[in-house]
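*Asks:* Provided below: final17.pdb, containing PDB, C-alpha atoms.
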ATOM      1  CA  MET I  39       0.000   0.000   0.000  1.00  0.00           C
ATOM      2  CA  TRP I  40       2.808   2.368   0.842  1.00  0.00           C
ATOM      3  CA  ILE I  41       4.496   1.896  -2.542  1.00  0.00           C
ATOM      4  CA  ARG I  42       1.239   2.510  -4.391  1.00  0.00           C
ATOM      5  CA  SER I  43       0.766   5.751  -2.467  1.00  0.00           C
ATOM      6  CA  LEU I  44       4.109   7.202  -3.582  1.00  0.00           C
ATOM      7  CA  PRO I  45       3.854  10.013  -6.149  1.00  0.00           C
ATOM      8  CA  GLU I  46       6.395   8.235  -8.382  1.00  0.00           C
ATOM      9  CA  PHE I  47       4.154   5.176  -8.541  1.00  0.00           C
ATOM     10  CA  VAL I  48       1.039   7.222  -9.255  1.00  0.00           C
ATOM     11  CA  THR I  49       2.715   9.153 -12.102  1.00  0.00           C
ATOM     12  CA  GLY I  50       4.473   6.076 -13.466  1.00  0.00           C
ATOM     13  CA  ASP I  51       8.001   7.465 -12.975  1.00  0.00           C
ATOM     14  CA  TRP I  52       9.540   4.013 -12.606  1.00  0.00           C
ATOM     15  CA  THR I  53      13.168   5.140 -12.621  1.00  0.00           C
ATOM     16  CA  GLU I  54      12.589   7.514  -9.730  1.00  0.00           C
ATOM     17  CA  LEU I  55      10.469   4.929  -7.897  1.00  0.00           C
ATOM     18  CA  ILE I  56      13.272   2.370  -8.125  1.00  0.00           C
ATOM     19  CA  ARG I  57      15.784   4.949  -6.855  1.00  0.00           C
ATOM     20  CA  LYS I  58      13.536   5.805  -3.915  1.00  0.00           C
ATOM     21  CA  LEU I  59      12.963   2.140  -3.007  1.00  0.00           C
ATOM     22  CA  ARG I  60      16.672   1.336  -3.217  1.00  0.00           C
ATOM     23  CA  THR I  61      17.422   4.256  -0.913  1.00  0.00           C
ATOM     24  CA  GLU I  62      14.740   3.130   1.519  1.00  0.00           C
ATOM     25  CA  TYR I  63      15.795  -0.522   1.710  1.00  0.00           C
ATOM     26  CA  ARG I  64      19.548  -0.340   1.086  1.00  0.00           C
ATOM     27  CA  ALA I  65      20.505  -0.635   4.748  1.00  0.00           C
ATOM     28  CA  ARG I  66      18.388  -3.776   5.115  1.00  0.00           C
ATOM     29  CA  ASP I  67      19.714  -5.452   1.996  1.00  0.00           C
ATOM     30  CA  TYR I  68      22.531  -7.780   3.079  1.00  0.00           C
ATOM     31  CA  TYR I  69      23.752  -8.371  -0.460  1.00  0.00           C
ATOM     32  CA  ARG I  70      23.977  -4.639  -1.218  1.00  0.00           C
ATOM     33  CA  ARG I  71      25.835  -4.016   2.039  1.00  0.00           C
ATOM     34  CA  MET I  72      28.242  -6.781   1.068  1.00  0.00           C
ATOM     35  CA  GLU I  73      29.244  -4.692  -1.967  1.00  0.00           C
ATOM     36  CA  THR I  74      30.598  -1.838   0.148  1.00  0.00           C
ATOM     37  CA  ARG I  75      34.144  -1.102   1.203  1.00  0.00           C
ATOM     38  CA  ASP I  76      32.972  -0.773   4.821  1.00  0.00           C
ATOM     39  CA  PHE I  77      31.667  -4.345   4.743  1.00  0.00           C
ATOM     40  CA  VAL I  78      34.997  -5.660   3.393  1.00  0.00           C
ATOM     41  CA  GLU I  79      36.935  -3.757   6.058  1.00  0.00           C
ATOM     42  CA  ALA I  80      34.637  -5.027   8.817  1.00  0.00           C
ATOM     43  CA  PHE I  81      34.985  -8.585   7.511  1.00  0.00           C
ATOM     44  CA  VAL I  82      38.783  -8.345   7.608  1.00  0.00           C
ATOM     45  CA  ARG I  83      38.757  -6.773  11.091  1.00  0.00           C
ATOM     46  CA  ILE I  84      36.409  -9.401  12.528  1.00  0.00           C
ATOM     47  CA  SER I  85      38.387 -12.193  10.875  1.00  0.00           C
ATOM     48  CA  THR I  86      41.624 -11.012  12.482  1.00  0.00           C
ATOM     49  CA  GLU I  87      39.940 -10.817  15.898  1.00  0.00           C
ATOM     50  CA  GLN I  88      38.445 -14.298  15.522  1.00  0.00           C
ATOM     51  CA  PRO I  89      40.901 -16.360  13.490  1.00  0.00           C
ATOM     52  CA  GLY I  90      39.592 -19.512  11.918  1.00  0.00           C
ATOM     53  CA  ASN I  91      40.210 -21.681   8.897  1.00  0.00           C
ATOM     54  CA  LEU I  92      42.441 -19.829   6.432  1.00  0.00           C
ATOM     55  CA  ARG I  93      40.919 -21.581   3.419  1.00  0.00           C
ATOM     56  CA  HIS I  94      37.420 -20.378   4.388  1.00  0.00           C
ATOM     57  CA  TYR I  95      38.715 -16.855   4.987  1.00  0.00           C
ATOM     58  CA  VAL I  96      40.389 -16.670   1.586  1.00  0.00           C
ATOM     59  CA  HIS I  97      37.296 -18.032  -0.156  1.00  0.00           C
ATOM     60  CA  ASP I  98      34.957 -15.603   1.631  1.00  0.00           C
ATOM     61  CA  PHE I  99      37.302 -12.638   1.171  1.00  0.00           C
ATOM     62  CA  THR I 100      37.665 -13.370  -2.545  1.00  0.00           C
ATOM     63  CA  THR I 101      33.907 -13.599  -3.001  1.00  0.00           C
ATOM     64  CA  ILE I 102      33.097 -10.470  -0.992  1.00  0.00           C
ATOM     65  CA  SER I 103      35.848  -8.310  -2.454  1.00  0.00           C
ATOM     66  CA  ALA I 104      34.935  -9.385  -6.007  1.00  0.00           C
ATOM     67  CA  LYS I 105      31.361  -8.167  -5.439  1.00  0.00           C
ATOM     68  CA  ALA I 106      32.588  -4.816  -4.108  1.00  0.00           C
ATOM     69  CA  GLU I 107      35.034  -4.478  -6.997  1.00  0.00           C
ATOM     70  CA  ALA I 108      32.370  -5.348  -9.595  1.00  0.00           C
ATOM     71  CA  VAL I 109      30.178  -2.435  -8.546  1.00  0.00           C
ATOM     72  CA  GLY I 110      33.115  -0.012  -8.329  1.00  0.00           C
ATOM     73  CA  ASN I 111      33.352   0.308  -4.544  1.00  0.00           C
ATOM     74  CA  LEU I 112      36.768  -1.322  -4.311  1.00  0.00           C
ATOM     75  CA  THR I 113      39.842  -1.418  -6.525  1.00  0.00           C
ATOM     76  CA  LYS I 114      42.246  -4.310  -6.979  1.00  0.00           C
TER
END
Can you dump the structure from the file as C-alpha cells?

*Replies:*
Amino acid sequence: MWIRSLPEFVTGDWTELIRKLRTEYRARDYYRRMETRDFVEAFVRISTEQPGNLRHYVHDFTTISAKAEAVGNLTK
C-alpha cells in the first residue's frame, strides 16, 4: 500500500520509484551491504579478531571483495 501511495508510482516514474525504493531498503539489503568497502573492512577486522580456517577466509574474502570491486566500490 505504501508503494502505491508514492507520487512516483502514481505518475508512473519508474526510474525515480526504483531509486527511492533502493534508498529506503539499502541498509536492510545484506547483499547490497556486502558490496561496500565498509563491509569488506569489517569482515577483515572481525576475521583477524576471531581467526579460523584460512581456506574459508580466503574463499569468503575473494567472493566479498569481487562483489565490491564489480560495482566499483573497491579497486584491486

*Asks:* Using Å and a single decimal, report how far atom CA of I:Lys105 sits from atom CA of I:Gln88.

*Replies:*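 Distance reported for this atom pair: 23.0 Å.
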
*Asks:* As a list of chain:residue names, please: the residues near I:Tyr95 (cut-off 12 Å, all atoms listed in the file, same-chain neighbours under 2 positions excluded).

*Replies:*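 Contacts, in chain order: I:Val78, I:Phe81, I:Val82, I:Arg83, I:Ile84, I:Ser85, I:Thr86, I:Gln88, I:Pro89, I:Gly90, I:Asn91, I:Leu92, I:Arg93, I:His97, I:Asp98, I:Phe99, I:Thr100, I:Thr101, I:Ile102, I:Ser103.
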
*Asks:* I need the residues from that last selection saved to file as a short mmCIF file (atom, residue, chain, number, x, y, z; two decimals), in the coordinates of the input (with C-alpha atoms), if you can.

*Replies:*
data_model
loop_
_atom_site.label_atom_id
_atom_site.label_comp_id
_atom_site.auth_asym_id
_atom_site.auth_seq_id
_atom_site.Cartn_x
_atom_site.Cartn_y
_atom_site.Cartn_z
CA VAL I 78 35.00 -5.66 3.39
CA PHE I 81 34.98 -8.59 7.51
CA VAL I 82 38.78 -8.35 7.61
CA ARG I 83 38.76 -6.77 11.09
CA ILE I 84 36.41 -9.40 12.53
CA SER I 85 38.39 -12.19 10.88
CA THR I 86 41.62 -11.01 12.48
CA GLN I 88 38.44 -14.30 15.52
CA PRO I 89 40.90 -16.36 13.49
CA GLY I 90 39.59 -19.51 11.92
CA ASN I 91 40.21 -21.68 8.90
CA LEU I 92 42.44 -19.83 6.43
CA ARG I 93 40.92 -21.58 3.42
CA HIS I 97 37.30 -18.03 -0.16
CA ASP I 98 34.96 -15.60 1.63
CA PHE I 99 37.30 -12.64 1.17
CA THR I 100 37.66 -13.37 -2.54
CA THR I 101 33.91 -13.60 -3.00
CA ILE I 102 33.10 -10.47 -0.99
CA SER I 103 35.85 -8.31 -2.45
#

*Asks:* Between atom CA of I:Glu46 and atom CA of I:Lys58, what is the spacing in Å?

*Replies:*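 Taking atom CA of I:Lys58 and atom CA of I:Glu46, their separation equals 8.8 Å.
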
*Asks:* Edge lengths and centre in Å to one decimal, as JSON, of the axis-aligned box that encloses all listed atoms of stretch 71-84 of chain I with 4 Å added on every side?

*Replies:*
{"center_x": 32.3, "center_y": -5.1, "center_z": 5.3, "size_x": 20.9, "size_y": 16.6, "size_z": 22.5}

*Asks:* For a cut-off of 10 Å around (28.5, -2.5, -1.4), file coordinates, pick out all residues using all atoms listed in the file and list them as a PDB file with C-alpha atoms, in the coordinates of the input.

*Replies:*
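part-v2.pdb, freshly written:
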ATOM      1  CA  ARG I  64      19.548  -0.340   1.086  1.00  0.00           C
ATOM      2  CA  ASP I  67      19.714  -5.452   1.996  1.00  0.00           C
ATOM      3  CA  TYR I  68      22.531  -7.780   3.079  1.00  0.00           C
ATOM      4  CA  TYR I  69      23.752  -8.371  -0.460  1.00  0.00           C
ATOM      5  CA  ARG I  70      23.977  -4.639  -1.218  1.00  0.00           C
ATOM      6  CA  ARG I  71      25.835  -4.016   2.039  1.00  0.00           C
ATOM      7  CA  MET I  72      28.242  -6.781   1.068  1.00  0.00           C
ATOM      8  CA  GLU I  73      29.244  -4.692  -1.967  1.00  0.00           C
ATOM      9  CA  THR I  74      30.598  -1.838   0.148  1.00  0.00           C
ATOM     10  CA  ARG I  75      34.144  -1.102   1.203  1.00  0.00           C
ATOM     11  CA  ASP I  76      32.972  -0.773   4.821  1.00  0.00           C
ATOM     12  CA  PHE I  77      31.667  -4.345   4.743  1.00  0.00           C
ATOM     13  CA  VAL I  78      34.997  -5.660   3.393  1.00  0.00           C
ATOM     14  CA  ILE I 102      33.097 -10.470  -0.992  1.00  0.00           C
ATOM     15  CA  SER I 103      35.848  -8.310  -2.454  1.00  0.00           C
ATOM     16  CA  LYS I 105      31.361  -8.167  -5.439  1.00  0.00           C
ATOM     17  CA  ALA I 106      32.588  -4.816  -4.108  1.00  0.00           C
ATOM     18  CA  GLU I 107      35.034  -4.478  -6.997  1.00  0.00           C
ATOM     19  CA  ALA I 108      32.370  -5.348  -9.595  1.00  0.00           C
ATOM     20  CA  VAL I 109      30.178  -2.435  -8.546  1.00  0.00           C
ATOM     21  CA  GLY I 110      33.115  -0.012  -8.329  1.00  0.00           C
ATOM     22  CA  ASN I 111      33.352   0.308  -4.544  1.00  0.00           C
ATOM     23  CA  LEU I 112      36.768  -1.322  -4.311  1.00  0.00           C
TER      24      LEU I 112
END

*Asks:* Write stretch 53-82 of chain I as an mmCIF file, keeping the file's coordinate frame, completed to N, CA and C atoms.

*Replies:*
data_model
loop_
_atom_site.group_PDB
_atom_site.id
_atom_site.type_symbol
_atom_site.label_atom_id
_atom_site.label_comp_id
_atom_site.auth_asym_id
_atom_site.auth_seq_id
_atom_site.Cartn_x
_atom_site.Cartn_y
_atom_site.Cartn_z
ATOM 1 N N THR I 53 11.753 4.946 -12.947
ATOM 2 C CA THR I 53 13.168 5.140 -12.621
ATOM 3 C C THR I 53 13.316 5.796 -11.254
ATOM 4 N N GLU I 54 12.528 6.827 -11.021
ATOM 5 C CA GLU I 54 12.589 7.514 -9.730
ATOM 6 C C GLU I 54 12.035 6.637 -8.606
ATOM 7 N N LEU I 55 11.024 5.844 -8.899
ATOM 8 C CA LEU I 55 10.469 4.929 -7.897
ATOM 9 C C LEU I 55 11.511 3.898 -7.471
ATOM 10 N N ILE I 56 12.216 3.344 -8.429
ATOM 11 C CA ILE I 56 13.272 2.370 -8.125
ATOM 12 C C ILE I 56 14.360 3.018 -7.277
ATOM 13 N N ARG I 57 14.760 4.240 -7.628
ATOM 14 C CA ARG I 57 15.784 4.949 -6.855
ATOM 15 C C ARG I 57 15.322 5.148 -5.415
ATOM 16 N N LYS I 58 14.078 5.557 -5.254
ATOM 17 C CA LYS I 58 13.536 5.805 -3.915
ATOM 18 C C LYS I 58 13.470 4.510 -3.094
ATOM 19 N N LEU I 59 13.047 3.420 -3.717
ATOM 20 C CA LEU I 59 12.963 2.140 -3.007
ATOM 21 C C LEU I 59 14.346 1.617 -2.641
ATOM 22 N N ARG I 60 15.300 1.773 -3.533
ATOM 23 C CA ARG I 60 16.672 1.336 -3.217
ATOM 24 C C ARG I 60 17.231 2.125 -2.044
ATOM 25 N N THR I 61 16.962 3.426 -2.019
ATOM 26 C CA THR I 61 17.422 4.256 -0.913
ATOM 27 C C THR I 61 16.773 3.815 0.391
ATOM 28 N N GLU I 62 15.497 3.526 0.330
ATOM 29 C CA GLU I 62 14.740 3.130 1.519
ATOM 30 C C GLU I 62 15.222 1.801 2.098
ATOM 31 N N TYR I 63 15.499 0.841 1.241
ATOM 32 C CA TYR I 63 15.795 -0.522 1.710
ATOM 33 C C TYR I 63 17.264 -0.910 1.654
ATOM 34 N N ARG I 64 18.133 -0.016 1.236
ATOM 35 C CA ARG I 64 19.548 -0.340 1.086
ATOM 36 C C ARG I 64 20.170 -0.860 2.375
ATOM 37 N N ALA I 65 19.886 -0.226 3.484
ATOM 38 C CA ALA I 65 20.505 -0.635 4.748
ATOM 39 C C ALA I 65 20.060 -2.026 5.191
ATOM 40 N N ARG I 66 18.908 -2.462 4.734
ATOM 41 C CA ARG I 66 18.388 -3.776 5.115
ATOM 42 C C ARG I 66 18.799 -4.871 4.143
ATOM 43 N N ASP I 67 19.369 -4.490 3.041
ATOM 44 C CA ASP I 67 19.714 -5.452 1.996
ATOM 45 C C ASP I 67 21.133 -5.981 2.227
ATOM 46 N N TYR I 68 21.242 -7.188 2.740
ATOM 47 C CA TYR I 68 22.531 -7.780 3.079
ATOM 48 C C TYR I 68 23.458 -7.847 1.870
ATOM 49 N N TYR I 69 22.923 -8.210 0.725
ATOM 50 C CA TYR I 69 23.752 -8.371 -0.460
ATOM 51 C C TYR I 69 24.262 -7.031 -0.975
ATOM 52 N N ARG I 70 23.497 -5.974 -0.846
ATOM 53 C CA ARG I 70 23.977 -4.639 -1.218
ATOM 54 C C ARG I 70 25.039 -4.164 -0.243
ATOM 55 N N ARG I 71 24.830 -4.417 1.052
ATOM 56 C CA ARG I 71 25.835 -4.016 2.039
ATOM 57 C C ARG I 71 27.141 -4.747 1.794
ATOM 58 N N MET I 72 27.053 -5.989 1.327
ATOM 59 C CA MET I 72 28.242 -6.781 1.068
ATOM 60 C C MET I 72 29.108 -6.143 -0.020
ATOM 61 N N GLU I 73 28.519 -5.315 -0.865
ATOM 62 C CA GLU I 73 29.244 -4.692 -1.967
ATOM 63 C C GLU I 73 29.974 -3.419 -1.565
ATOM 64 N N THR I 74 29.971 -3.082 -0.290
ATOM 65 C CA THR I 74 30.598 -1.838 0.148
ATOM 66 C C THR I 74 31.994 -2.078 0.717
ATOM 67 N N ARG I 75 32.792 -1.047 0.641
ATOM 68 C CA ARG I 75 34.144 -1.102 1.203
ATOM 69 C C ARG I 75 34.084 -1.290 2.721
ATOM 70 N N ASP I 76 33.117 -0.642 3.364
ATOM 71 C CA ASP I 76 32.972 -0.773 4.821
ATOM 72 C C ASP I 76 32.741 -2.224 5.221
ATOM 73 N N PHE I 77 31.940 -2.946 4.444
ATOM 74 C CA PHE I 77 31.667 -4.345 4.743
ATOM 75 C C PHE I 77 32.955 -5.163 4.640
ATOM 76 N N VAL I 78 33.740 -4.925 3.589
ATOM 77 C CA VAL I 78 34.997 -5.660 3.393
ATOM 78 C C VAL I 78 35.946 -5.377 4.563
ATOM 79 N N GLU I 79 36.050 -4.111 4.947
ATOM 80 C CA GLU I 79 36.935 -3.757 6.058
ATOM 81 C C GLU I 79 36.475 -4.389 7.369
ATOM 82 N N ALA I 80 35.167 -4.401 7.600
ATOM 83 C CA ALA I 80 34.637 -5.027 8.817
ATOM 84 C C ALA I 80 34.889 -6.528 8.806
ATOM 85 N N PHE I 81 34.725 -7.149 7.639
ATOM 86 C CA PHE I 81 34.985 -8.585 7.511
ATOM 87 C C PHE I 81 36.436 -8.906 7.855
ATOM 88 N N VAL I 82 37.359 -8.114 7.338
ATOM 89 C CA VAL I 82 38.783 -8.345 7.608
ATOM 90 C C VAL I 82 39.072 -8.136 9.098
#
